[in-house]
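Please read the structure below before turning to the comments.
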Amino acid sequence: MHANITTETGAPLMSARGITKQFAGIEVLRNVDLNLMRGEIHALLGENGAGKSTFAKILAGVYRPTRGTLMLNGSPVEVSSPIAAQKLGITLIHQEPISFPDLSVAENLVLGRTDGALLGRVPWAQMTRDANALMDLLGVRIDVTKPMRGLSIADQQMVEIARALASDSRLIIMDEPTAPLTPKEVETLFKIARRLRDEGRTIVFISHRLEEVRALCDRVTIFRDGDKVETVATDALTDADIIRLMIGRSLKEYLHKTGSTIGEVALKVENLTLPGFFADVSFEVRKGEIVGLGGLVGAGRTDVARAIFGVAPAASGRVAVNGKEVTISEPSDAIALGLAFVPEDRATAGIFRTLSVEQNITAAIPKRIAPNGVIRRALEKALASDSVKKLRIRLASLRQPIGELSGGNQQKAILARWLLTDPSVLILDEPTRGIDIGVKAEFYDMIGELAASGRAILLISSELPELLALCDRVLVMSEGRLTANLSRTEATQESVMHAAVPKTARQTVGVAA
Amino acid sequence: MNAVSNLLGTLFQRREAGIVVMIVLLVAAVGIIQPRFLSLETLRIVMLAIPLIMIAAMGQMMVLVARHVDLSIGSILGFSAIVAGMMFRDLPDWPVLVGVLVAVALGGALGLLNGLLVTIFKLPSIIVTLGTLSLYRGFVFLVSNSRQVDPQFIPKSLIQMSQTSPFIGIPWIVIIAFIVALLTYFFLDHTRLGRQIYAMGSNPVAAPLRGIRVVPVTLLVFTISGALAGLTGVIYASRFGYVNPGITGVGFEFTVIAAVVIGGVSINGGVGTVLGTVLGVILLGTVNVALPILGVSAFWQDAIYGTVIIVALLIDRSVRQRGIKALSGARSNA
């Protein structure tokens with residue numbers, strides 16, 4: 001039997017020395033030293049944006065480090081591109097594999113390998129034989145002559161692993177491979193990962209799921225805000241230790257909370273279920289209340305919001321607005337009921353990039369600005385310029401395409417659009433993502449004022465300090481289920497993270513009504 | 001029963017089966033209405049209608065597979081044809097082959113220019129080639145002084161290519177067209193470079209990550225498309241016996257793209273076979289010949305032609321979906 005590696009004895013396969021990475025002058029990775037040993041499965045853990053994926057991409061030649069060196073087998077190497085990485089025996093397996101969907105599995109396995117002349121014959125028969133041999137080696141059954149398009153994500157990952165084996169990779173990096181997989185598929189993946197480790201290969205495993213890290217990995221390295229916090233044997237830490245190491249940062253000082261009086265229930269959701277996305281979600285939001293919805297990316301928070309707003313309605317469950325049960329099958333129903341939804345991805349779901357700021361702001365009230373089907377330009381302009389003043393949107397002209405504004409000002413314009421509908425319930429999905437700190441503070445003030453004026457607010461955010469400082473209550477989702485409903489006093493970094501990190505594959509936690 | 005549905009499913013899943021069915025139905029329908037359609041003479045006319053479209057379609061197919069489009073081929077055809085025609089007229093002592101090679105080379109050069117504009121300035125190929133469609137047509141009028149190359153100047157040996165046959169009555173230009181198709185098949189299906197074109201069209205983001213050099217491959221694809229359009233220019237002179245700056249190749253790009261798309265090449269890139277393209281060309285060529293024989297007035301021909309293209313795509317899609325269903329049905333029964 002192979003002894004699991006828990007300490008650094010012998011020479012490492014790959015060492016990182018002082019790796020620093022900047023994007024546009026912002027450090028996302030600082031001075032990381034790390035040894036990856038032969039025959040170990042090494043987990044990289046951290047919150048979203050902690051730097052673990054950036055580090056993995058540097059190992060695989062997708063990014064070049066700003067400073068620092070990588071040592072392979074004790075000598076410095078330049079991993080200048082994914083191709084260079086492949087030649088050095090390093091393969092990165094993406095969560096959603098990057099493949100050529102129209103080409104066969106066998107072709108996907110060999111394509112791009114630089115051996116052979118460009119006009120050389122493609123050895124179709126041998127290619128198929130080799131591909132089948134690799135699939136046998138992995139113990140998976142995939143028809144290698146079929147196009148990639150028809151394969152499940154799990155099978156596509158297997159093809160990527162087979163590709164790593166075809167180029168005899170010694171270092172295989174898996175970036176959150178289990179997120180899209182079923183429990184059975186995860187088991188198969190783990191079996192293969194262990195076998196590859198026992199052959200002496202090194203596996204780097206990125207995951208949010210502590211249970212999986214515990215089941216699979218020999219050692220863990222924890223990242224936080226671009227720093228490597230610690231590298232230890234998995235067994236040496238409790239779950240609580242790991243969570244503490246992942247989040248241990250202080251509340252940002254600029255956050256504050258406007259006091260508001262909390263009234264009747266404005267939005268009530270019962271047993272909302274959409275198979276494959278979320279199940280049995282029940283909660284309520286009262287007038288004047290800010291309710292946070294926390295959890296890791298992919299926990300189903302956005303899907304719940306989209307279901308309430310009618311973008312992708314739930315399969316079952318009840319929604320009541322201001323005490324009346326309602327059916328919302330498309331967004332226009334929701335708007336008519338006084339709901340507003342500021343989506344997470346403003347670039348694709350929020351703004352009309354090439355239209356003017358003015359048109360963007362008035363986009364949700366077509367009946368008001370064009371009562372007879374003809375737009376009343378003066379009214380449109382008046383409403384827009386009023387919003388611009390109120391929300392302090394910085395722009396050159398109302399007629400300017402909204403795409404030219406900064407992210408924060410675009411976000412304000414979208415908020416302005418929804419405020420013009422005079423909503424009683426406002427759903428904000430990651431409203432401060434990607435906007436700079438000054439505008440963020442303005443946003444927090446605005447959210448507070450909106451609640452004070454009696455609106456019910458559901459705030460989805462991945463930033464813990466934001467949730468803790470702004471919200472009267474914090475709901476937490478994990479893997480499609482509500483795992484906590486915390487009052488302002490109960491909600492702490494630890495309690496939210498505990499509820500957010502999946503511990504078991506299927507979790508059923510009762511939710512206090 | 002199960003085996004039969006399985007086989008049918010597999011057959012229908014191949015896009016080409018649907019086109020064969022449509023060609024057979026079309027020939028049968030026209031034959032019933034107008035029995036003289038089913039004659040050797042018609043077969044000869046259909047055969048002569050094919051090569052022009054087919055040679056250019058091979059280039060266009062490659063461009064579409066690479067997730068681009070080349071709208072300028074009609075003008076490239078016109079330019080190559082007019083220059084070759086003027087050489088035949090003004091330099092009658094030079095061998096015919098020189099004119100042919102010049103036509104192909106000029107076509108390739110104009111295609112390369114398309115490719116350079118697409119790759120260097122990162123412009124969408126539909127815009128670039130829409131521009132060069134007009135630009136290259138302007139070149140045609142400029143070099144020719146708007147003068148037609150009259151039939152007496154087209155070399156006899158070239159015209160013979162459309163009229164004589166090495167065996168069983170198949171004209172030379174038809175044989176040339178099928179040789180081009182065979183070479184294209186070999187290139188796209190059996191060389192590494194050919195497969196890289198599919199990969200690039202299937203996922204342009206992943207292609208460079210796998211070491212595919214996107215810029216040179218793109219340039220090559222446009223150059224081949226241009227060169228084949230140039231060759232088509234000479235075939236045009238052979239087939240029709242004159243070259244006219246305002247007629248030769250005008251609107252040709254739409255016929256070719258229609259044939260390629262009917263043949264199952266995806267405008268989204270990455271998908272398409274030479275066999276499908278050949279069948280698409282034959283279907284369109286047959287329609288071309290059938291309309292006058294049916295006595296359809298010239299005013300109606302364009303409208304019917306367009307309808308046939310849309311109907312062909314609709315039939316093809318429903319046939320294929322049924323094929324896929326039959327296949328998955330057979331699988332779940334197993």
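Going through the structure tokens in order, the chains are called A, B, and so on, while each chain numbers its residues from 1 and the ligands are numbered from 1 in the order shown.
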As an NGL selection string, please: the residues near Pro216 of chain B (cut-off 10 Å, only C-alpha atoms, same-chain neighbours under 3 positions excluded).
:B and (115-116 or 119 or 212-213 or 219-221)
Tell me which protein, DNA and RNA residues are within 10 Å of Leu216 of chain A, counting only C-alpha atoms, leaving out same-chain ones fewer than 3 positions away, and put them as a list in words.
Glu40, Ile41, His42, Ala43, Phe190, Lys191, Ala193, Arg194, Phe205, Leu210, Glu211, Glu212, Val213, Arg219 and Thr234 of chain A
Determine which residues of segment 401-492 of chain A receive a DSSP assignment of strand (DSSP E or B), computed from the backbone, and state them as an mmCIF file with N, CA and C atoms, in the first residue's frame.
data_model
loop_
_atom_site.group_PDB
_atom_site.id
_atom_site.type_symbol
_atom_site.label_atom_id
_atom_site.label_comp_id
_atom_site.auth_asym_id
_atom_site.auth_seq_id
_atom_site.Cartn_x
_atom_site.Cartn_y
_atom_site.Cartn_z
ATOM 1 N N PRO A 401 -23.693 56.506 -24.398
ATOM 2 C CA PRO A 401 -23.964 55.066 -24.245
ATOM 3 C C PRO A 401 -23.544 54.603 -22.853
ATOM 4 N N VAL A 425 -40.585 45.431 -3.130
ATOM 5 C CA VAL A 425 -39.570 44.428 -2.800
ATOM 6 C C VAL A 425 -38.421 44.593 -3.789
ATOM 7 N N LEU A 426 -37.208 44.710 -3.253
ATOM 8 C CA LEU A 426 -36.041 44.920 -4.104
ATOM 9 C C LEU A 426 -35.060 43.763 -3.888
ATOM 10 N N ILE A 427 -34.754 43.042 -4.969
ATOM 11 C CA ILE A 427 -33.786 41.949 -4.854
ATOM 12 C C ILE A 427 -32.489 42.412 -5.505
ATOM 13 N N LEU A 428 -31.414 42.426 -4.740
ATOM 14 C CA LEU A 428 -30.119 42.872 -5.249
ATOM 15 C C LEU A 428 -29.166 41.676 -5.264
ATOM 16 N N ASP A 429 -28.659 41.339 -6.439
ATOM 17 C CA ASP A 429 -27.760 40.185 -6.531
ATOM 18 C C ASP A 429 -26.331 40.681 -6.726
ATOM 19 N N ALA A 456 -38.795 46.347 1.240
ATOM 20 C CA ALA A 456 -38.205 45.090 1.688
ATOM 21 C C ALA A 456 -37.033 44.766 0.772
ATOM 22 N N ILE A 457 -35.904 44.417 1.347
ATOM 23 C CA ILE A 457 -34.713 44.207 0.523
ATOM 24 C C ILE A 457 -34.113 42.826 0.764
ATOM 25 N N LEU A 458 -33.912 42.102 -0.338
ATOM 26 C CA LEU A 458 -33.207 40.822 -0.268
ATOM 27 C C LEU A 458 -31.855 41.045 -0.929
ATOM 28 N N LEU A 459 -30.794 40.913 -0.150
ATOM 29 C CA LEU A 459 -29.452 41.239 -0.627
ATOM 30 C C LEU A 459 -28.613 39.966 -0.741
ATOM 31 N N ILE A 460 -28.302 39.597 -1.973
ATOM 32 C CA ILE A 460 -27.431 38.445 -2.176
ATOM 33 C C ILE A 460 -26.008 38.964 -2.243
ATOM 34 N N ARG A 473 -31.195 40.326 9.030
ATOM 35 C CA ARG A 473 -31.115 38.875 9.172
ATOM 36 C C ARG A 473 -30.258 38.342 8.041
ATOM 37 N N VAL A 474 -29.604 37.205 8.264
ATOM 38 C CA VAL A 474 -28.796 36.604 7.209
ATOM 39 C C VAL A 474 -29.266 35.171 6.981
ATOM 40 N N LEU A 475 -29.700 34.891 5.739
ATOM 41 C CA LEU A 475 -30.011 33.518 5.343
ATOM 42 C C LEU A 475 -28.765 32.964 4.672
ATOM 43 N N VAL A 476 -28.522 31.669 4.839
ATOM 44 C CA VAL A 476 -27.360 31.075 4.185
ATOM 45 C C VAL A 476 -27.819 29.882 3.377
ATOM 46 N N MET A 477 -27.317 29.801 2.147
ATOM 47 C CA MET A 477 -27.629 28.637 1.317
ATOM 48 C C MET A 477 -26.369 27.828 1.064
ATOM 49 N N SER A 478 -26.560 26.513 0.940
ATOM 50 C CA SER A 478 -25.466 25.630 0.590
ATOM 51 C C SER A 478 -26.037 24.519 -0.275
ATOM 52 N N ARG A 481 -29.865 24.382 -0.766
ATOM 53 C CA ARG A 481 -30.770 24.385 0.376
ATOM 54 C C ARG A 481 -30.431 25.512 1.328
ATOM 55 N N LEU A 482 -31.468 25.983 2.022
ATOM 56 C CA LEU A 482 -31.263 26.980 3.056
ATOM 57 C C LEU A 482 -30.682 26.275 4.272
ATOM 58 N N THR A 483 -29.510 26.698 4.733
ATOM 59 C CA THR A 483 -28.879 25.987 5.848
ATOM 60 C C THR A 483 -28.852 26.810 7.118
ATOM 61 N N ALA A 484 -29.210 28.086 7.046
ATOM 62 C CA ALA A 484 -29.245 28.885 8.266
ATOM 63 C C ALA A 484 -30.122 30.104 8.076
ATOM 64 N N ASN A 485 -30.705 30.561 9.179
ATOM 65 C CA ASN A 485 -31.499 31.783 9.201
ATOM 66 C C ASN A 485 -31.083 32.486 10.480
ATOM 67 N N LEU A 486 -30.150 33.405 10.354
ATOM 68 C CA LEU A 486 -29.475 33.949 11.530
ATOM 69 C C LEU A 486 -29.932 35.375 11.815
ATOM 70 N N SER A 487 -30.192 35.646 13.061
ATOM 71 C CA SER A 487 -30.525 37.012 13.438
ATOM 72 C C SER A 487 -29.251 37.844 13.413
#
Counting only C-alpha atoms, collect the residues of chain B whose closest atom lies at most 6 Å from chain A, and write them out as a PDB file with C-alpha atoms, in the first residue's frame.
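File produced: part-v3.pdb:
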ATOM      1  CA  HIS B 190      -6.750  13.328 -43.321  1.00  0.00           C
ATOM      2  CA  THR B 191      -4.156  15.982 -42.554  1.00  0.00           C
ATOM      3  CA  ARG B 192      -3.377  17.543 -39.198  1.00  0.00           C
ATOM      4  CA  LEU B 193      -3.728  20.990 -40.709  1.00  0.00           C
ATOM      5  CA  ALA B 199     -10.902  22.688 -34.217  1.00  0.00           C
ATOM      6  CA  SER B 202     -15.436  24.523 -33.208  1.00  0.00           C
ATOM      7  CA  ASN B 203     -13.839  26.478 -30.368  1.00  0.00           C
ATOM      8  CA  LEU B 209      -4.422  26.884 -25.962  1.00  0.00           C
ATOM      9  CA  ARG B 210      -3.792  23.657 -27.851  1.00  0.00           C
ATOM     10  CA  GLY B 211      -0.984  25.159 -29.886  1.00  0.00           C
ATOM     11  CA  GLY B 270     -16.639  23.394 -36.858  1.00  0.00           C
TER      12      GLY B 270
END
Can you check which residues of segment 97-253 of chain B DSSP gives as helix (DSSP H, G or I) on the backbone and send them as a PyMOL selection string?
chain B and resi 97-120+125-144+151-153+156-163+172-190+192-202+206-209+214-240+252-253
Quick one: everything within 8 Å of segment 303-311 of chain A, counting only C-alpha atoms, minus sequence neighbours fewer than 5 positions away in the same chain. Send it as a ChimeraX atom specification.
/A:272,277-278,319,328-331,333-334,339-341,427,429
Write out the residues from the selection above, keeping C-alpha atoms, as a compact mmCIF listing (two decimals), in the first residue's frame.
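After the write, again-v2.txt holds the following:
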# COMPACT_ATOMS: atom_id res chain seq x y z
CA LEU A 272 -39.65 26.86 -3.39
CA PHE A 277 -30.90 24.08 -8.59
CA PHE A 278 -32.56 24.46 -5.19
CA VAL A 319 -44.73 32.99 -3.30
CA ILE A 328 -45.10 34.85 -11.30
CA SER A 329 -44.34 33.15 -14.58
CA GLU A 330 -42.33 35.91 -16.22
CA PRO A 331 -40.54 39.09 -15.14
CA ASP A 333 -45.65 39.70 -13.71
CA ALA A 334 -43.08 40.42 -11.04
CA LEU A 339 -40.84 43.52 -7.39
CA ALA A 340 -37.48 44.68 -8.73
CA PHE A 341 -34.38 42.61 -9.45
CA ILE A 427 -33.79 41.95 -4.85
CA ASP A 429 -27.76 40.19 -6.53
How close does segment 219-262 of chain B get to segment 78-90 of chain B? List, as JSON lines, each residue of segment 219-262 of chain B within 8 Å, its nearest atom pair and the distance in Å to one decimal, counting only C-alpha atoms.
{"residue": "B:Gly230", "atom": "CA", "partner": "B:Ser80", "partner_atom": "CA", "distance": 5.1}
{"residue": "B:Leu231", "atom": "CA", "partner": "B:Ser80", "partner_atom": "CA", "distance": 7.8}
{"residue": "B:Gly233", "atom": "CA", "partner": "B:Ala81", "partner_atom": "CA", "distance": 4.3}
{"residue": "B:Val234", "atom": "CA", "partner": "B:Ala81", "partner_atom": "CA", "distance": 5.5}
{"residue": "B:Tyr236", "atom": "CA", "partner": "B:Ala81", "partner_atom": "CA", "distance": 7.3}
{"residue": "B:Ala237", "atom": "CA", "partner": "B:Ala81", "partner_atom": "CA", "distance": 6.7}
{"residue": "B:Tyr242", "atom": "CA", "partner": "B:Gly85", "partner_atom": "CA", "distance": 7.8}
{"residue": "B:Val243", "atom": "CA", "partner": "B:Ile82", "partner_atom": "CA", "distance": 5.9}
{"residue": "B:Asn244", "atom": "CA", "partner": "B:Ile82", "partner_atom": "CA", "distance": 7.4}
{"residue": "B:Pro245", "atom": "CA", "partner": "B:Gly78", "partner_atom": "CA", "distance": 6.7}
{"residue": "B:Thr248", "atom": "CA", "partner": "B:Gly78", "partner_atom": "CA", "distance": 5.3}
{"residue": "B:Gly249", "atom": "CA", "partner": "B:Gly78", "partner_atom": "CA", "distance": 5.2}
{"residue": "B:Val250", "atom": "CA", "partner": "B:Gly78", "partner_atom": "CA", "distance": 7.7}
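Compared by their closest atoms to Gly226 of chain A, and using only C-alpha atoms, the residues A:Ala131, A:Val388, A:Ile26, A:Ala451 rank with A:Ile26 nearest.
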Need the shell around segment 252-254 of chain B: protein/DNA/RNA residues with any atom at most 6 Å away, counting only C-alpha atoms. Skip same-chain ones fewer than 4 positions apart. Format as a ChimeraX atom specification?
/B:71,73-74,258
Just to confirm, what's the straight-line distance from atom CA of Thr307 of chain B to atom CA of Asn288 of chain B in Å (one decimal)?
12.6 Å
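Here atom CA of Ala290 of chain B stands at a distance of 17.6 Å from atom CA of Ile262 of chain B.
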